[in-house]
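Content type mmCIF, C-alpha atoms, from the file model.cif:
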data_protein
#
loop_
_atom_site.group_PDB
_atom_site.id
_atom_site.type_symbol
_atom_site.label_atom_id
_atom_site.label_comp_id
_atom_site.auth_asym_id
_atom_site.auth_seq_id
_atom_site.Cartn_x
_atom_site.Cartn_y
_atom_site.Cartn_z
ATOM 1 C CA MET I 14 -7.515 -16.512 -12.727
ATOM 2 C CA ASP I 15 -7.885 -12.728 -13.030
ATOM 3 C CA TYR I 16 -8.167 -10.595 -9.914
ATOM 4 C CA VAL I 17 -8.111 -6.982 -8.699
ATOM 5 C CA ILE I 18 -6.456 -5.391 -5.683
ATOM 6 C CA ALA I 19 -8.500 -3.155 -3.366
ATOM 7 C CA ILE I 20 -6.744 -0.820 -0.906
ATOM 8 C CA PRO I 21 -8.900 1.281 1.437
ATOM 9 C CA SER I 22 -6.952 4.271 2.755
ATOM 10 C CA TYR I 23 -7.718 7.258 4.949
ATOM 11 C CA LYS I 24 -5.334 10.136 5.678
ATOM 12 C CA ARG I 25 -2.369 7.996 4.662
ATOM 13 C CA ALA I 26 -1.352 9.095 1.183
ATOM 14 C CA GLU I 27 2.363 9.199 2.032
ATOM 15 C CA THR I 28 2.150 5.883 3.873
ATOM 16 C CA LEU I 29 0.452 4.251 0.907
ATOM 17 C CA LYS I 30 3.042 5.692 -1.474
ATOM 18 C CA GLU I 31 6.050 4.544 0.545
ATOM 19 C CA LYS I 32 4.715 1.175 1.686
ATOM 20 C CA THR I 33 1.978 -0.839 -0.038
ATOM 21 C CA LEU I 34 2.234 0.834 -3.456
ATOM 22 C CA LYS I 35 6.021 0.718 -3.397
ATOM 23 C CA PHE I 36 5.885 -2.936 -2.397
ATOM 24 C CA LEU I 37 3.389 -3.868 -5.127
ATOM 25 C CA ASN I 38 5.357 -2.005 -7.777
ATOM 26 C CA SER I 39 8.609 -3.684 -6.723
ATOM 27 C CA ASN I 40 6.826 -7.041 -7.124
ATOM 28 C CA LYS I 41 5.828 -6.085 -10.658
ATOM 29 C CA ILE I 42 2.097 -6.191 -9.992
ATOM 30 C CA ASP I 43 0.248 -4.675 -12.941
ATOM 31 C CA PRO I 44 -0.715 -1.131 -11.790
ATOM 32 C CA SER I 45 -4.055 -1.391 -13.623
ATOM 33 C CA LEU I 46 -5.135 -4.012 -11.071
ATOM 34 C CA ILE I 47 -4.702 -1.620 -8.134
ATOM 35 C CA HIS I 48 -7.827 0.204 -6.923
ATOM 36 C CA ILE I 49 -7.451 2.754 -4.112
ATOM 37 C CA PHE I 50 -10.580 3.623 -2.122
ATOM 38 C CA VAL I 51 -10.699 6.941 -0.252
ATOM 39 C CA ALA I 52 -13.322 8.481 2.006
ATOM 40 C CA ASN I 53 -14.311 11.627 0.115
ATOM 41 C CA GLU I 54 -13.457 14.032 -2.711
ATOM 42 C CA GLU I 55 -11.052 16.023 -0.555
ATOM 43 C CA GLU I 56 -9.075 12.854 0.134
ATOM 44 C CA ARG I 57 -9.112 11.955 -3.568
ATOM 45 C CA ILE I 58 -7.564 15.295 -4.483
ATOM 46 C CA GLU I 59 -4.828 14.871 -1.872
ATOM 47 C CA TYR I 60 -4.018 11.293 -2.879
ATOM 48 C CA ASN I 61 -4.005 12.261 -6.537
ATOM 49 C CA SER I 62 -1.457 15.002 -5.842
ATOM 50 C CA ILE I 63 0.872 12.713 -3.873
ATOM 51 C CA LEU I 64 0.716 9.376 -5.684
ATOM 52 C CA ASP I 65 2.299 8.613 -9.047
ATOM 53 C CA GLU I 66 -0.622 7.863 -11.374
ATOM 54 C CA LYS I 67 1.527 5.373 -13.286
ATOM 55 C CA LYS I 68 1.717 3.126 -10.213
ATOM 56 C CA TYR I 69 -1.989 2.421 -9.680
ATOM 57 C CA GLY I 70 -5.129 1.959 -11.718
ATOM 58 C CA LYS I 71 -7.869 4.045 -10.097
ATOM 59 C CA ILE I 72 -8.694 6.177 -7.088
ATOM 60 C CA ILE I 73 -12.345 5.688 -6.145
ATOM 61 C CA VAL I 74 -14.267 7.957 -3.797
ATOM 62 C CA GLY I 75 -16.040 5.732 -1.303
ATOM 63 C CA VAL I 76 -17.313 6.414 2.202
ATOM 64 C CA LEU I 77 -15.868 7.060 5.655
ATOM 65 C CA GLY I 78 -15.524 4.252 8.216
ATOM 66 C CA MET I 79 -14.037 0.774 8.059
ATOM 67 C CA LYS I 80 -17.251 -1.232 7.843
ATOM 68 C CA ASN I 81 -18.659 1.267 5.357
ATOM 69 C CA ILE I 82 -15.667 1.198 3.019
ATOM 70 C CA ARG I 83 -15.414 -2.612 3.195
ATOM 71 C CA ASN I 84 -19.060 -2.915 2.173
ATOM 72 C CA PHE I 85 -18.589 -0.211 -0.467
ATOM 73 C CA ILE I 86 -15.741 -2.210 -2.014
ATOM 74 C CA THR I 87 -17.928 -5.330 -2.036
ATOM 75 C CA ASP I 88 -20.670 -3.420 -3.853
ATOM 76 C CA TYR I 89 -18.258 -1.698 -6.243
ATOM 77 C CA PHE I 90 -16.980 -4.879 -7.881
ATOM 78 C CA PRO I 91 -19.228 -7.262 -9.818
ATOM 79 C CA ALA I 92 -20.406 -10.598 -8.476
ATOM 80 C CA ASN I 93 -17.870 -13.440 -8.713
ATOM 81 C CA LYS I 94 -14.907 -11.052 -9.071
ATOM 82 C CA TYR I 95 -11.711 -12.215 -7.362
ATOM 83 C CA ILE I 96 -10.564 -9.464 -4.993
ATOM 84 C CA VAL I 97 -7.348 -9.164 -2.978
ATOM 85 C CA ASN I 98 -7.813 -6.721 -0.116
ATOM 86 C CA LEU I 99 -4.672 -5.053 1.253
ATOM 87 C CA ASP I 100 -3.996 -2.479 3.948
ATOM 88 C CA ASP I 101 -2.152 0.676 2.922
ATOM 89 C CA ASP I 102 0.841 0.183 5.254
ATOM 90 C CA ILE I 103 2.297 -3.152 4.128
ATOM 91 C CA LYS I 104 6.086 -3.159 3.948
ATOM 92 C CA ASP I 105 6.540 -6.749 2.806
ATOM 93 C CA ILE I 106 4.789 -10.103 2.395
ATOM 94 C CA MET I 107 6.881 -12.952 3.745
ATOM 95 C CA TYR I 108 6.917 -16.734 3.974
ATOM 96 C CA LEU I 109 8.228 -19.173 6.560
ATOM 97 C CA HIS I 110 11.603 -20.494 5.442
ATOM 98 C CA GLY I 111 12.566 -23.581 7.406
ATOM 99 C CA ASP I 112 11.266 -23.287 10.954
ATOM 100 C CA LYS I 113 12.868 -20.090 12.189
ATOM 101 C CA LYS I 114 13.218 -17.554 9.397
ATOM 102 C CA LEU I 115 10.973 -15.309 7.359
ATOM 103 C CA LYS I 116 11.899 -14.386 3.803
ATOM 104 C CA SER I 117 10.278 -12.061 1.293
ATOM 105 C CA LEU I 118 7.704 -13.905 -0.771
ATOM 106 C CA PRO I 119 8.880 -14.431 -4.351
ATOM 107 C CA LYS I 120 6.404 -14.036 -7.201
ATOM 108 C CA LEU I 121 3.488 -12.442 -5.353
ATOM 109 C CA ASP I 122 1.242 -12.667 -8.414
ATOM 110 C CA THR I 123 1.858 -16.431 -8.628
ATOM 111 C CA PHE I 124 0.958 -16.891 -4.965
ATOM 112 C CA ILE I 125 -2.255 -14.880 -5.281
ATOM 113 C CA ARG I 126 -3.439 -16.844 -8.297
ATOM 114 C CA SER I 127 -2.544 -20.139 -6.636
ATOM 115 C CA ALA I 128 -4.353 -19.111 -3.442
ATOM 116 C CA PHE I 129 -7.549 -18.405 -5.370
ATOM 117 C CA GLN I 130 -7.259 -21.629 -7.353
ATOM 118 C CA TYR I 131 -6.659 -23.756 -4.268
ATOM 119 C CA SER I 132 -9.372 -22.130 -2.143
ATOM 120 C CA GLN I 133 -11.912 -22.553 -4.936
ATOM 121 C CA LYS I 134 -10.905 -26.187 -5.293
ATOM 122 C CA VAL I 135 -11.767 -26.872 -1.643
ATOM 123 C CA GLY I 136 -14.950 -24.766 -1.687
ATOM 124 C CA ALA I 137 -13.697 -21.700 0.189
ATOM 125 C CA ASN I 138 -14.544 -18.193 -1.007
ATOM 126 C CA LEU I 139 -12.339 -16.502 1.602
ATOM 127 C CA TRP I 140 -8.608 -17.025 2.169
ATOM 128 C CA GLY I 141 -6.059 -15.239 4.271
ATOM 129 C CA ILE I 142 -2.655 -15.315 5.928
ATOM 130 C CA TYR I 143 -1.127 -15.790 9.374
ATOM 131 C CA PRO I 144 -1.810 -12.642 11.432
ATOM 132 C CA VAL I 145 1.509 -12.403 13.296
ATOM 133 C CA ALA I 146 4.940 -12.126 11.664
ATOM 134 C CA ASN I 147 6.559 -14.466 14.164
ATOM 135 C CA PRO I 148 8.028 -17.743 12.841
ATOM 136 C CA PHE I 149 7.769 -19.308 16.313
ATOM 137 C CA TYR I 150 3.979 -19.477 15.981
ATOM 138 C CA MET I 151 3.757 -20.109 12.252
ATOM 139 C CA ASN I 152 3.794 -23.516 10.562
ATOM 140 C CA HIS I 153 4.023 -25.089 7.126
ATOM 141 C CA GLY I 154 0.312 -25.777 6.870
ATOM 142 C CA ILE I 155 -2.892 -24.488 5.350
ATOM 143 C CA SER I 156 -5.713 -24.401 7.892
ATOM 144 C CA SER I 157 -9.290 -24.928 6.773
ATOM 145 C CA GLY I 158 -12.470 -24.615 8.799
ATOM 146 C CA LEU I 159 -13.218 -21.633 11.049
ATOM 147 C CA TYR I 160 -10.085 -19.508 11.404
ATOM 148 C CA TYR I 161 -9.345 -15.849 11.913
ATOM 149 C CA ILE I 162 -8.629 -14.147 8.583
ATOM 150 C CA VAL I 163 -6.801 -10.939 9.463
ATOM 151 C CA GLY I 164 -7.892 -7.784 7.673
ATOM 152 C CA CYS I 165 -4.497 -6.591 6.410
ATOM 153 C CA MET I 166 -4.436 -9.112 3.538
ATOM 154 C CA TRP I 167 -7.227 -11.405 2.364
ATOM 155 C CA GLY I 168 -8.706 -12.673 -0.841
ATOM 156 C CA CYS I 169 -12.318 -13.431 -1.680
ATOM 157 C CA LYS I 170 -14.529 -14.383 -4.563
ATOM 158 C CA ASN I 171 -17.279 -11.767 -4.569
ATOM 159 C CA LEU I 172 -19.904 -14.486 -4.660
ATOM 160 C CA TYR I 173 -21.956 -13.136 -1.772
ATOM 161 C CA LYS I 174 -21.833 -9.431 -2.611
ATOM 162 C CA HIS I 175 -25.515 -8.966 -1.765
ATOM 163 C CA LYS I 176 -25.343 -11.116 1.352
ATOM 164 C CA ILE I 177 -22.079 -10.720 3.261
ATOM 165 C CA LYS I 178 -21.789 -7.262 4.797
ATOM 166 C CA VAL I 179 -19.867 -6.430 7.949
ATOM 167 C CA THR I 180 -21.711 -4.480 10.642
ATOM 168 C CA ILE I 181 -18.894 -3.249 12.928
ATOM 169 C CA ASP I 182 -15.783 -1.107 12.428
ATOM 170 C CA ASP I 183 -13.598 -2.895 14.953
ATOM 171 C CA LYS I 184 -13.115 -6.655 14.571
ATOM 172 C CA GLU I 185 -14.795 -6.530 11.183
ATOM 173 C CA ASP I 186 -12.250 -9.127 10.070
ATOM 174 C CA PHE I 187 -13.457 -11.541 12.775
ATOM 175 C CA GLU I 188 -17.026 -10.931 11.649
ATOM 176 C CA ARG I 189 -16.137 -11.499 7.993
ATOM 177 C CA SER I 190 -14.418 -14.784 8.879
ATOM 178 C CA ILE I 191 -17.622 -15.929 10.563
ATOM 179 C CA LEU I 192 -19.887 -14.795 7.730
ATOM 180 C CA TYR I 193 -17.912 -16.674 5.087
ATOM 181 C CA TYR I 194 -17.626 -19.733 7.330
ATOM 182 C CA ASN I 195 -21.393 -19.759 7.787
ATOM 183 C CA GLU I 196 -21.842 -19.735 4.002
ATOM 184 C CA ASP I 197 -19.138 -22.217 2.966
ATOM 185 C CA ASN I 198 -18.404 -24.132 6.159
ATOM 186 C CA VAL I 199 -14.749 -23.322 5.496
ATOM 187 C CA VAL I 200 -12.249 -20.503 5.153
ATOM 188 C CA ILE I 201 -8.592 -21.013 4.218
ATOM 189 C CA ARG I 202 -5.558 -19.623 6.047
ATOM 190 C CA TYR I 203 -1.977 -19.903 4.860
ATOM 191 C CA ASN I 204 -0.012 -20.318 8.082
ATOM 192 C CA TYR I 205 3.340 -19.886 6.341
ATOM 193 C CA ILE I 206 2.489 -16.495 4.791
ATOM 194 C CA THR I 207 2.445 -13.242 6.763
ATOM 195 C CA VAL I 208 2.971 -9.493 6.339
ATOM 196 C CA LYS I 209 5.371 -6.944 7.711
ATOM 197 C CA THR I 210 3.275 -4.048 8.954
ATOM 198 C CA ASN I 211 2.781 -1.791 11.981
ATOM 199 C CA TYR I 212 -0.541 -2.855 13.485
ATOM 200 C CA TYR I 213 -2.274 0.036 15.279
ATOM 201 C CA LYS I 214 0.859 2.241 15.159
ATOM 202 C CA GLU I 215 0.493 4.106 11.883
ATOM 203 C CA HIS I 216 -1.103 7.561 11.882
ATOM 204 C CA GLY I 217 -4.355 7.886 9.966
ATOM 205 C CA GLY I 218 -6.658 5.023 9.062
ATOM 206 C CA MET I 219 -8.611 3.411 11.875
ATOM 207 C CA GLN I 220 -6.364 5.083 14.442
ATOM 208 C CA GLU I 221 -8.329 8.274 13.848
ATOM 209 C CA THR I 222 -11.474 6.844 15.459
ATOM 210 C CA ARG I 223 -10.607 3.596 17.305
ATOM 211 C CA THR I 224 -11.130 3.527 21.091
ATOM 212 C CA ASP I 225 -10.768 0.741 23.659
ATOM 213 C CA THR I 226 -14.446 1.147 24.517
ATOM 214 C CA ARG I 227 -15.508 0.605 20.921
ATOM 215 C CA VAL I 228 -13.226 -2.424 20.539
ATOM 216 C CA THR I 229 -14.674 -3.964 23.705
ATOM 217 C CA LYS I 230 -18.223 -3.282 22.525
ATOM 218 C CA SER I 231 -17.501 -5.027 19.212
ATOM 219 C CA ALA I 232 -16.030 -8.056 20.977
ATOM 220 C CA HIS I 233 -19.089 -8.500 23.194
ATOM 221 C CA TYR I 234 -21.371 -7.973 20.187
ATOM 222 C CA LEU I 235 -19.768 -10.863 18.276
ATOM 223 C CA VAL I 236 -19.752 -13.205 21.284
ATOM 224 C CA LYS I 237 -23.423 -12.507 21.916
ATOM 225 C CA LYS I 238 -24.405 -12.919 18.262
ATOM 226 C CA TYR I 239 -22.289 -16.044 17.589
ATOM 227 C CA PRO I 240 -21.973 -17.842 20.944
ATOM 228 C CA LYS I 241 -21.299 -21.223 19.305
ATOM 229 C CA LEU I 242 -18.436 -19.861 17.238
ATOM 230 C CA CYS I 243 -16.514 -17.394 19.407
ATOM 231 C CA GLU I 244 -15.781 -16.400 22.978
ATOM 232 C CA LEU I 245 -13.862 -13.770 24.893
ATOM 233 C CA ASN I 246 -10.135 -14.436 24.940
ATOM 234 C CA ASN I 247 -9.148 -13.957 28.560
ATOM 235 C CA ASN I 248 -5.599 -15.171 27.944
ATOM 236 C CA LYS I 249 -4.695 -12.197 25.785
ATOM 237 C CA LYS I 250 -2.530 -9.664 27.603
ATOM 238 C CA SER I 251 -4.077 -6.567 26.101
ATOM 239 C CA GLU I 252 -5.870 -3.464 27.306
ATOM 240 C CA LYS I 253 -8.505 -4.163 24.666
ATOM 241 C CA THR I 254 -11.053 -6.963 24.944
ATOM 242 C CA GLU I 255 -10.160 -9.741 22.500
ATOM 243 C CA ILE I 256 -12.064 -12.750 21.197
ATOM 244 C CA LYS I 257 -11.126 -16.152 19.824
ATOM 245 C CA PHE I 258 -12.893 -18.766 17.771
ATOM 246 C CA LYS I 259 -14.125 -21.991 19.299
ATOM 247 C CA ARG I 260 -12.824 -25.161 17.731
ATOM 248 C CA GLN I 261 -15.121 -26.615 15.080
ATOM 249 C CA ASN I 262 -15.239 -30.220 13.887
ATOM 250 C CA GLU I 263 -14.324 -29.104 10.371
ATOM 251 C CA ASN I 264 -11.016 -27.569 11.452
ATOM 252 C CA LYS I 265 -7.943 -29.235 9.983
ATOM 253 C CA ARG I 266 -4.534 -28.437 8.639
ATOM 254 C CA ILE I 267 -3.211 -29.506 5.271
ATOM 255 C CA LYS I 268 0.546 -29.688 4.977
ATOM 256 C CA ARG I 269 1.947 -28.009 1.916
ATOM 257 C CA ASP I 270 2.212 -30.273 -1.105
ATOM 258 C CA SER I 271 3.054 -29.828 -4.753
ATOM 259 C CA LYS I 272 -0.415 -28.417 -5.472
ATOM 260 C CA THR I 273 -0.326 -25.653 -2.882
ATOM 261 C CA PRO I 274 1.678 -22.386 -3.046
ATOM 262 C CA LEU I 275 5.370 -22.732 -2.086
ATOM 263 C CA GLY I 276 4.796 -26.475 -2.062
ATOM 264 C CA LYS I 277 6.228 -29.266 0.038
ATOM 265 C CA LYS I 278 4.915 -32.798 -0.043
ATOM 266 C CA GLY I 279 2.767 -33.739 2.914
ATOM 267 C CA ASN I 280 -0.599 -34.999 4.094
ATOM 268 C CA THR I 281 -3.745 -33.981 5.893
ATOM 269 C CA ASN I 282 -3.905 -33.906 9.689
ATOM 270 C CA LYS I 283 -6.182 -32.692 12.416
ATOM 271 C CA THR I 284 -4.458 -29.892 14.283
ATOM 272 C CA ARG I 285 -4.918 -27.581 17.191
ATOM 273 C CA LYS I 286 -6.135 -24.129 16.264
ATOM 274 C CA ARG I 287 -3.778 -21.181 16.697
#
Once more with this new file: its structure as structure tokens, please.
Amino acid sequence: MDYVIAIPSYKRAETLKEKTLKFLNSNKIDPSLIHIFVANEEERIEYNSILDEKKYGKIIVGVLGMKNIRNFITDYFPANKYIVNLDDDIKDIMYLHGDKKLKSLPKLDTFIRSAFQYSQKVGANLWGIYPVANPFYMNHGISSGLYYIVGCMWGCKNLYKHKIKVTIDDKEDFERSILYYNEDNVVIRYNYITVKTNYYKEHGGMQETRTDTRVTKSAHYLVKKYPKLCELNNNKKSEKTEIKFKRQNENKRIKRDSKTPLGKKGNTNKTRKR
């Protein structure tokens, strides 16, 4: 199952070089698969001067803004293409080992291909990973239904390239989760896979324009537009307004078995949503 990797990046050439690109190269991902999307020609020139051209496939001049570049990437690739979307500041991709430890994921390419194969088997065109690198909250299951697919790493089949477009810069990953759920009635999340990254702490990227006011506005926008699917999360201890998904009847967790990545034998159970 062939795929490409899309990395949007803004004012983070050094970060991309030392983190995501270094990580992908160390995992022996074919450089020709890696597509880097920058905001303008000036950025392309800078990235081209800093990055080793042998370690990626293309640098593509896109547009400025998170929602704009996400939609640009969707339009750039052909329909039905399998796309892995990665942030530019990923240090490592890890899996839950036992119940208390995280270890670096072996054979990243194998996991990606298996994730696409499994998600297609169950009718999902969007899959993702657990959003927090904390083994206390993670589990050895694959959740299906309506779940939050965090924006730092997700895979999709570009089936809805003319239909699914995000409309907000902040919480665009929540919106994308909803859009794919509305199409397929399911998204897939691997609760035993996560990333090592510095959310909201890296210079450049969305930090150049993000404000608490804009985050709050996006949260209220989603709750108003999809009242049956999400609500404000008043339990979150954060200065920013957060949202959470409401439980849907389709939500379930599938324990890892021999046919799922990093398999363990298990069964299918209803589960509470994290």
Worksheet, complete the sentence: Restricting to only C-alpha atoms, whichever of I:Leu29, I:Ala232, I:Val76, I:Met166 is closest to I:Ala52 is I:Val76
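In this model, the gap between atom CA of I:Tyr203 and atom CA of I:His153 comes to 8.2 Å.
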Worksheet entry | Interatomic distance (Å, one decimal) between atom CA of I:Gly78 and atom CA of I:Asp182 | 6.8 Å
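Coordinates place atom CA of I:Val97 at a distance of 24.7 Å from atom CA of I:Leu235.
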Practice prompt. Output the residue selection produced by the PyMOL selection byres ((chain I and resi 151) around 12) on the file above, formatted as a ChimeraX atom specification.
Written response: /I:107-115,142-150,152-156,202-207,286-287
Convert the current residue selection to file output with C-alpha atoms, as a compact mmCIF listing (two decimals), keeping the file's coordinate frame.
# COMPACT_ATOMS: atom_id res chain seq x y z
CA MET I 107 6.88 -12.95 3.74
CA TYR I 108 6.92 -16.73 3.97
CA LEU I 109 8.23 -19.17 6.56
CA HIS I 110 11.60 -20.49 5.44
CA GLY I 111 12.57 -23.58 7.41
CA ASP I 112 11.27 -23.29 10.95
CA LYS I 113 12.87 -20.09 12.19
CA LYS I 114 13.22 -17.55 9.40
CA LEU I 115 10.97 -15.31 7.36
CA ILE I 142 -2.66 -15.32 5.93
CA TYR I 143 -1.13 -15.79 9.37
CA PRO I 144 -1.81 -12.64 11.43
CA VAL I 145 1.51 -12.40 13.30
CA ALA I 146 4.94 -12.13 11.66
CA ASN I 147 6.56 -14.47 14.16
CA PRO I 148 8.03 -17.74 12.84
CA PHE I 149 7.77 -19.31 16.31
CA TYR I 150 3.98 -19.48 15.98
CA ASN I 152 3.79 -23.52 10.56
CA HIS I 153 4.02 -25.09 7.13
CA GLY I 154 0.31 -25.78 6.87
CA ILE I 155 -2.89 -24.49 5.35
CA SER I 156 -5.71 -24.40 7.89
CA ARG I 202 -5.56 -19.62 6.05
CA TYR I 203 -1.98 -19.90 4.86
CA ASN I 204 -0.01 -20.32 8.08
CA TYR I 205 3.34 -19.89 6.34
CA ILE I 206 2.49 -16.50 4.79
CA THR I 207 2.44 -13.24 6.76
CA LYS I 286 -6.14 -24.13 16.26
CA ARG I 287 -3.78 -21.18 16.70
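The residue that comes closest to I:Lys94, out of I:Lys67, I:Lys253, I:Lys174, I:Arg25 and on the basis of only C-alpha atoms, is I:Lys174.
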Discussion item. Residue by residue, what does the PyMOL selection byres ((chain I and resi 200) around 6) grab here? Present the result as number ranges by chain.
Written reply: I: 137, 139-140, 157-158, 194, 199, 201
Please write out, as lines of an AutoDock Vina configuration file, where the centre of an axis-aligned box around all listed atoms of stretch 82-91 of chain I lies and how long its edges are, in Å to one decimal, after adding 8 Å on each side.
center_x = -18.0
center_y = -3.0
center_z = -3.3
size_x = 21.3
size_y = 24.5
size_z = 29.0
Practice prompt. Please work out which residues fall within 9 Å of (-12.9, -7.0, 14.6), coordinates as given in the file, with all atoms listed in the file counting, and return them as a ChimeraX atom specification.
Written response: /I:163-164,181-189,228,231-232,235,255-256
Keeping only C-alpha atoms, write those residues as a compact mmCIF listing (two decimals), in the coordinates of the input.
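Listed below is the output, out-v2.txt:
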# COMPACT_ATOMS: atom_id res chain seq x y z
CA VAL I 163 -6.80 -10.94 9.46
CA GLY I 164 -7.89 -7.78 7.67
CA ILE I 181 -18.89 -3.25 12.93
CA ASP I 182 -15.78 -1.11 12.43
CA ASP I 183 -13.60 -2.90 14.95
CA LYS I 184 -13.12 -6.66 14.57
CA GLU I 185 -14.80 -6.53 11.18
CA ASP I 186 -12.25 -9.13 10.07
CA PHE I 187 -13.46 -11.54 12.78
CA GLU I 188 -17.03 -10.93 11.65
CA ARG I 189 -16.14 -11.50 7.99
CA VAL I 228 -13.23 -2.42 20.54
CA SER I 231 -17.50 -5.03 19.21
CA ALA I 232 -16.03 -8.06 20.98
CA LEU I 235 -19.77 -10.86 18.28
CA GLU I 255 -10.16 -9.74 22.50
CA ILE I 256 -12.06 -12.75 21.20
Practice prompt. Name the residues in contact with stretch 123-125 of chain I at a cut-off of 12 Å, using all atoms listed in the file, excluding same-chain residues fewer than 5 positions from it; report them as a ChimeraX atom specification.
Written response: /I:14-18,40-42,95-98,106-108,118,130-132,140-142,166-169,203,205-206,272-276
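The smallest atom-to-atom distance between I:Ser39 and any of I:Met79, I:Val179, I:Leu99, I:Leu121, using only C-alpha atoms, is found for I:Leu121.
Near I:Leu172, within a cut-off of 8 Å and counting only C-alpha atoms, sit the residues Ala92, Asn93, Lys94 and Asn138 of chain I, with same-chain residues fewer than 6 positions away left out.
The residue that comes closest to I:Tyr161, out of I:Tyr173, I:Tyr193, I:Tyr60, I:Tyr234 and on the basis of all atoms listed in the file, is I:Tyr193.
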